[in-house]
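Asks: Before I ask anything, let me first share the structure, which is written out below as structure tokens.
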Amino acid sequence: MVEWTDAERSAITGLWSKIDVGEIGPQALCRLLVVYPWTQRHFGSFGNLSTYAAITGNAKVINHGKVVMGGLETAVKNLDNIKNAYAKLSVMHSEKLHVDPDNFRALAECITVVVAAKFGPSVFTAGAQEAWQKFLAVVVSALGRQYH
């Protein structure tokens, strides 16, 4: 179980309260699909993902980005038990979708980049980044739990 300081909890929940899932989620998923094109293989049913324009204009990508980012709310609300909160999602990604767990780390990086670009250094301070990246590392670990 991870230990959170009061400052980390405050940074995570404070940052989360500013995040627009409908904006950040699609941008992060689009970035993942562009920067790490091999991740596209998990989204074959989404249609054309051959270019940046096709990815960013794809309604299924946009919607799934919202779903993925919205799913982080579960972790924010369960900071003391993220692994159990994500247990079913881990099983689904491992046993049904066969997602390489390294893709979770790549998506976490993309989310961090998008959040940093959106809020800049006045909101996404070094302390906020430290807490946010620790938070996402715990989420990535929880999603990869079924693989171990």
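Chain labels follow the order of the structure tokens: the first chain is A, the next B, and so on; residue numbering restarts at 1 in every chain, and ligands are counted from 1 in their shown order.
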Pick out the residues sitting within 10 Å of Ile62 (chain A), and hand them over as a list of chain:residue names; count only C-alpha atoms, and ignore anything fewer than 5 positions along from it in its own chain.
Replies: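 Near Ile62 (chain A), the qualifying residues are A:Gly22, A:Glu23, A:Ile24, A:Gly25, A:Pro26, A:Gln27, A:Ala28, A:Leu29, A:Cys30, A:Ile55, A:Thr56, A:Gly57, A:Val67.
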Asks: Looking only at helix (DSSP H, G or I) from DSSP on the backbone, list the matching residues of chain A as a ChimeraX atom specification.
Replies: /A:6-18,21-35,37-46,52-56,59-77,79-85,87-96,102-123,126-143,145-147
Asks: Write out as a list in words the residues lying within 10 Å of Thr74 (chain A), counting only C-alpha atoms and excluding same-chain residues fewer than 6 positions away.
Replies: Asn81, Ile82, Ala85, Tyr86 and Val139 of chain A
Asks: Atoms to include: N, CA and C atoms. Write the selected residues as a PDB file, in the first residue's frame.
Replies:
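Saved as part.pdb:
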```pdb
ATOM      1  N   ASN A  81      -6.655   2.834  -1.786  1.00  0.00           N
ATOM      2  CA  ASN A  81      -6.927   1.471  -2.226  1.00  0.00           C
ATOM      3  C   ASN A  81      -7.060   1.400  -3.753  1.00  0.00           C
ATOM      4  N   ILE A  82      -6.139   2.029  -4.452  1.00  0.00           N
ATOM      5  CA  ILE A  82      -6.200   2.087  -5.912  1.00  0.00           C
ATOM      6  C   ILE A  82      -6.113   0.693  -6.518  1.00  0.00           C
ATOM      7  N   ALA A  85      -9.413  -0.965  -6.304  1.00  0.00           N
ATOM      8  CA  ALA A  85     -10.389  -0.231  -7.110  1.00  0.00           C
ATOM      9  C   ALA A  85     -10.234  -0.536  -8.602  1.00  0.00           C
ATOM     10  N   TYR A  86      -9.020  -0.879  -9.018  1.00  0.00           N
ATOM     11  CA  TYR A  86      -8.743  -1.143 -10.430  1.00  0.00           C
ATOM     12  C   TYR A  86      -8.606  -2.634 -10.742  1.00  0.00           C
ATOM     13  N   VAL A 139      -1.402   4.077 -10.308  1.00  0.00           N
ATOM     14  CA  VAL A 139      -2.462   3.649 -11.227  1.00  0.00           C
ATOM     15  C   VAL A 139      -1.907   2.645 -12.238  1.00  0.00           C
TER      16      VAL A 139
END
```
Asks: Would you mind telling me which residue in A:Gln129, A:Val34, A:Gly47, A:Leu143 lies nearest to Val113 (chain A) when using only C-alpha atoms?
Replies: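 The closest residue to Val113 (chain A) is A:Gln129.
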Asks: Which one is closest to Arg105 (chain A): A:Ile19, A:Leu49, A:Ala137, A:Ala7? Count only C-alpha atoms.
Replies: A:Ala137
Asks: Given only C-alpha atoms as the basis, pick out the residue of A:Gly127, A:Pro101, A:Pro121, A:Gly65 nearest to Ser141 (chain A).
Replies: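 Ranking A:Gly127, A:Pro101, A:Pro121, A:Gly65 by distance to Ser141 (chain A), first place goes to A:Pro101.
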Asks: So the first atom is CA of Trp132 (chain A) and the second is CA of Ala11 (chain A); what is the distance between them in Å, to one decimal place?
Replies: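 That distance, rounded to one decimal, is 7.4 Å.
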Asks: Set the distance at 12 Å and use only C-alpha atoms: which residues neighbour Asn78 (chain A) once local chain neighbours fewer than 3 positions away are removed? I'd like the list as a count of residues only.
Replies: 21
Asks: With only C-alpha atoms as the basis for distance, which of A:Leu79, A:Val21, A:Leu15, A:Leu107 is at the shortest distance from Thr39 (chain A)?
Replies: A:Leu107
